[in-house]
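In what follows, a single structure is set out as structure tokens and then discussed.
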Amino acid sequence: MDTRPNPAIAAALTLAASAFAAGTTLLAKALGTGALGPALHPLQVSHGRFLFAFMIFATAATVLRPRFSRPNWRLHIGRSSLGWGGVTLMFAAAAFIPLSDATAISFLNPVVGMLLAIPFLGERIGPWRWGSAVLAFAGAMVLTRPGSGALEFGALLALGAACALGGELICIKLLSGREKPFQILLVNNAIGLTIATIAVSFVWQSPNAAQWAALAGIGALMASAQTCFVNAMRMADASFVSPFFYTSLAFAALYDALVFSVLPDSVSYIGAAMILTAAAILVWREARPRPRPLP
């Protein structure tokens, strides 16, 4: 894939990643609430996510036989640990509070990522990016419905997920400038599977056929989301890419309507409109041709 700076394609890839990521949360909620059989522990759900995602990338590596460079193990281990922790906390939160609330709170991670990008990546964030990030953050706050009792144990789990995933954003950006996307994905899922396998050994229970299918679906959707996201990070700054993940809130509301017949209320529409407006502003600003500096 062409990795030259291209904000428009980066935005499109991030939107696709958001749709896939919201799908994994939907399946995780079904597994964690007993909709498909006896409820599975969040550690087992995250294990399934890494297991099937790794199988997909390992199969692709066997077929494509790509060339690998020496991995930066320190960054990979840090990224995989944060990613595993964030995903596990997110899956746990989805079982305690409504899907829209869990998604809204946990996907505050772009704000964390944008703030961490300043000291760790040295990125400069202009007034338009700050304004768009604040607007998206406000939209997320609207969707959390303050005063409705969302700040409970499940919300704390989602906040922990946001912090972990925000840290993962920085590791991904650092890796994307040193290694190829496919290598990053393969190594990440291999390390994540190792961590998840150790953790799940304490809570394992045999899934039924429907649960195996849902676990496989989570792995496939997450593999697709990762592929889109890693390539998006190679085409634009982390502070530009990150706010687009707020659209996961809109996708989560859509999935609720299609799968559980839960229609969004006026608050959902207002919050989603604020988030999409913020994303549109970023696309417009970044896609504008920049004047060339004088010699």
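By order of appearance in the structure tokens: chains A, B, ..., then residues from 1 within every chain, and ligands from 1 in the order shown.
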Mind checking which residues fall within 7 Å of Glu168 (chain A), counting only C-alpha atoms, ignoring those fewer than 4 positions away in the same chain, and posting them as a list in words? Arg79, Leu82, Gly83, Ala164 and Ile172 of chain A
As JSON, numbers by chain, list the residues of region 160-223 of chain A assigned to alpha helix (DSSP H) by DSSP on the backbone atoms of this structure. {"A": [160, 161, 162, 163, 164, 165, 166, 167, 168, 169, 170, 171, 172, 173, 174, 175, 176, 181, 182, 183, 184, 185, 186, 187, 188, 189, 190, 191, 192, 193, 194, 195, 196, 197, 198, 199, 200, 209, 210, 211, 212, 213, 214, 215, 216, 217, 218, 219, 220, 221, 222, 223]}
Emit the selected residues as a compact mmCIF listing (two decimals), in the first residue's frame, including N, CA and C atoms.
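The resulting out.txt:
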```
# COMPACT_ATOMS: atom_id res chain seq x y z
N GLY A 160 -10.72 2.55 32.09
CA GLY A 160 -9.42 1.87 32.07
C GLY A 160 -9.06 1.42 30.67
N ALA A 161 -10.06 0.94 29.92
CA ALA A 161 -9.82 0.55 28.53
C ALA A 161 -9.37 1.73 27.70
N ALA A 162 -9.98 2.89 27.92
CA ALA A 162 -9.62 4.09 27.16
C ALA A 162 -8.17 4.48 27.40
N CYS A 163 -7.73 4.42 28.64
CA CYS A 163 -6.35 4.79 28.95
C CYS A 163 -5.37 3.80 28.32
N ALA A 164 -5.67 2.51 28.41
CA ALA A 164 -4.78 1.50 27.84
C ALA A 164 -4.70 1.62 26.32
N LEU A 165 -5.84 1.79 25.68
CA LEU A 165 -5.86 1.89 24.22
C LEU A 165 -5.25 3.20 23.73
N GLY A 166 -5.35 4.25 24.54
CA GLY A 166 -4.70 5.50 24.18
C GLY A 166 -3.19 5.35 24.18
N GLY A 167 -2.65 4.62 25.16
CA GLY A 167 -1.23 4.34 25.18
C GLY A 167 -0.80 3.46 24.01
N GLU A 168 -1.69 2.53 23.62
CA GLU A 168 -1.38 1.66 22.49
C GLU A 168 -1.25 2.46 21.20
N LEU A 169 -2.04 3.53 21.07
CA LEU A 169 -1.95 4.37 19.87
C LEU A 169 -0.53 4.89 19.66
N ILE A 170 0.11 5.29 20.74
CA ILE A 170 1.46 5.85 20.64
C ILE A 170 2.45 4.77 20.21
N CYS A 171 2.32 3.58 20.79
CA CYS A 171 3.22 2.48 20.40
C CYS A 171 3.05 2.13 18.93
N ILE A 172 1.81 2.13 18.45
CA ILE A 172 1.55 1.80 17.05
C ILE A 172 2.20 2.84 16.13
N LYS A 173 2.07 4.11 16.49
CA LYS A 173 2.65 5.15 15.66
C LYS A 173 4.17 5.04 15.62
N LEU A 174 4.79 4.74 16.77
CA LEU A 174 6.24 4.57 16.81
C LEU A 174 6.67 3.38 15.97
N LEU A 175 5.91 2.31 16.01
CA LEU A 175 6.25 1.12 15.23
C LEU A 175 6.01 1.33 13.74
N SER A 176 4.97 2.09 13.39
CA SER A 176 4.61 2.25 11.98
C SER A 176 5.70 2.94 11.18
N PRO A 181 3.54 -2.71 8.04
CA PRO A 181 2.28 -2.98 8.73
C PRO A 181 2.02 -4.45 9.01
N PHE A 182 2.29 -5.32 8.02
CA PHE A 182 1.98 -6.74 8.22
C PHE A 182 2.83 -7.33 9.34
N GLN A 183 4.08 -6.95 9.41
CA GLN A 183 4.94 -7.45 10.49
C GLN A 183 4.43 -6.99 11.84
N ILE A 184 4.00 -5.74 11.92
CA ILE A 184 3.47 -5.20 13.17
C ILE A 184 2.25 -6.01 13.62
N LEU A 185 1.35 -6.29 12.69
CA LEU A 185 0.13 -7.02 13.02
C LEU A 185 0.42 -8.45 13.44
N LEU A 186 1.30 -9.11 12.71
CA LEU A 186 1.60 -10.51 13.02
C LEU A 186 2.26 -10.64 14.39
N VAL A 187 3.26 -9.81 14.65
CA VAL A 187 3.97 -9.88 15.93
C VAL A 187 3.04 -9.50 17.07
N ASN A 188 2.22 -8.47 16.87
CA ASN A 188 1.29 -8.04 17.91
C ASN A 188 0.34 -9.15 18.31
N ASN A 189 -0.23 -9.82 17.33
CA ASN A 189 -1.20 -10.86 17.64
C ASN A 189 -0.54 -12.10 18.23
N ALA A 190 0.71 -12.35 17.85
CA ALA A 190 1.43 -13.49 18.43
C ALA A 190 1.70 -13.23 19.92
N ILE A 191 2.18 -12.03 20.24
CA ILE A 191 2.44 -11.69 21.64
C ILE A 191 1.12 -11.61 22.43
N GLY A 192 0.11 -10.98 21.83
CA GLY A 192 -1.19 -10.89 22.50
C GLY A 192 -1.79 -12.25 22.78
N LEU A 193 -1.64 -13.19 21.83
CA LEU A 193 -2.16 -14.55 22.03
C LEU A 193 -1.43 -15.23 23.17
N THR A 194 -0.13 -15.02 23.27
CA THR A 194 0.63 -15.61 24.37
C THR A 194 0.13 -15.11 25.72
N ILE A 195 -0.05 -13.79 25.84
CA ILE A 195 -0.55 -13.22 27.08
C ILE A 195 -1.96 -13.73 27.38
N ALA A 196 -2.82 -13.72 26.36
CA ALA A 196 -4.22 -14.13 26.55
C ALA A 196 -4.33 -15.61 26.92
N THR A 197 -3.45 -16.45 26.35
CA THR A 197 -3.50 -17.89 26.65
C THR A 197 -3.15 -18.15 28.11
N ILE A 198 -2.16 -17.45 28.62
CA ILE A 198 -1.79 -17.60 30.03
C ILE A 198 -2.95 -17.16 30.92
N ALA A 199 -3.57 -16.03 30.58
CA ALA A 199 -4.65 -15.49 31.41
C ALA A 199 -5.89 -16.36 31.38
N VAL A 200 -6.25 -16.91 30.21
CA VAL A 200 -7.49 -17.66 30.08
C VAL A 200 -7.41 -19.04 30.74
N ALA A 209 -21.13 -24.20 19.87
CA ALA A 209 -20.88 -23.89 18.46
C ALA A 209 -21.12 -22.41 18.17
N ALA A 210 -22.22 -21.87 18.69
CA ALA A 210 -22.53 -20.46 18.43
C ALA A 210 -21.47 -19.55 19.03
N GLN A 211 -20.97 -19.92 20.21
CA GLN A 211 -19.94 -19.09 20.85
C GLN A 211 -18.62 -19.17 20.10
N TRP A 212 -18.28 -20.36 19.59
CA TRP A 212 -17.07 -20.47 18.77
C TRP A 212 -17.18 -19.58 17.54
N ALA A 213 -18.37 -19.57 16.92
CA ALA A 213 -18.57 -18.75 15.72
C ALA A 213 -18.42 -17.26 16.07
N ALA A 214 -18.97 -16.85 17.22
CA ALA A 214 -18.84 -15.45 17.62
C ALA A 214 -17.40 -15.09 17.94
N LEU A 215 -16.67 -15.99 18.59
CA LEU A 215 -15.26 -15.75 18.87
C LEU A 215 -14.45 -15.61 17.59
N ALA A 216 -14.76 -16.47 16.61
CA ALA A 216 -14.08 -16.37 15.32
C ALA A 216 -14.42 -15.05 14.62
N GLY A 217 -15.69 -14.62 14.77
CA GLY A 217 -16.09 -13.35 14.18
C GLY A 217 -15.36 -12.17 14.80
N ILE A 218 -15.17 -12.23 16.12
CA ILE A 218 -14.42 -11.17 16.80
C ILE A 218 -13.00 -11.10 16.27
N GLY A 219 -12.36 -12.27 16.12
CA GLY A 219 -10.99 -12.30 15.61
C GLY A 219 -10.89 -11.75 14.20
N ALA A 220 -11.84 -12.14 13.33
CA ALA A 220 -11.81 -11.68 11.95
C ALA A 220 -12.05 -10.17 11.85
N LEU A 221 -13.02 -9.68 12.62
CA LEU A 221 -13.31 -8.24 12.60
C LEU A 221 -12.14 -7.43 13.16
N MET A 222 -11.52 -7.94 14.23
CA MET A 222 -10.41 -7.21 14.81
C MET A 222 -9.20 -7.22 13.88
N ALA A 223 -8.97 -8.34 13.17
CA ALA A 223 -7.87 -8.39 12.21
C ALA A 223 -8.08 -7.35 11.11
```
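Each of A:Gln44, A:Ser261, A:Thr247, A:Thr33 was compared to Ala273 (chain A) using only C-alpha atoms, and A:Thr247 turns out to be the nearest.
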Kindly provide the residues of region 207-265 of chain A that approach region 100-121 of chain A to within 7 Å, each paired with its closest atom pair and their distance in Å to one decimal, based on only C-alpha atoms, listed by chain and increasing number, as CSV.
```
residue,atom,partner,partner_atom,distance
A:Ala238,CA,A:Met114,CA,6.7
A:Ser239,CA,A:Met114,CA,4.7
A:Ser242,CA,A:Pro110,CA,4.6
A:Pro243,CA,A:Pro110,CA,5.5
A:Phe245,CA,A:Phe107,CA,6.9
A:Tyr246,CA,A:Phe107,CA,6.3
A:Leu249,CA,A:Ala104,CA,5.8
A:Ala252,CA,A:Ser100,CA,6.2
A:Ala253,CA,A:Ser100,CA,6.3
```
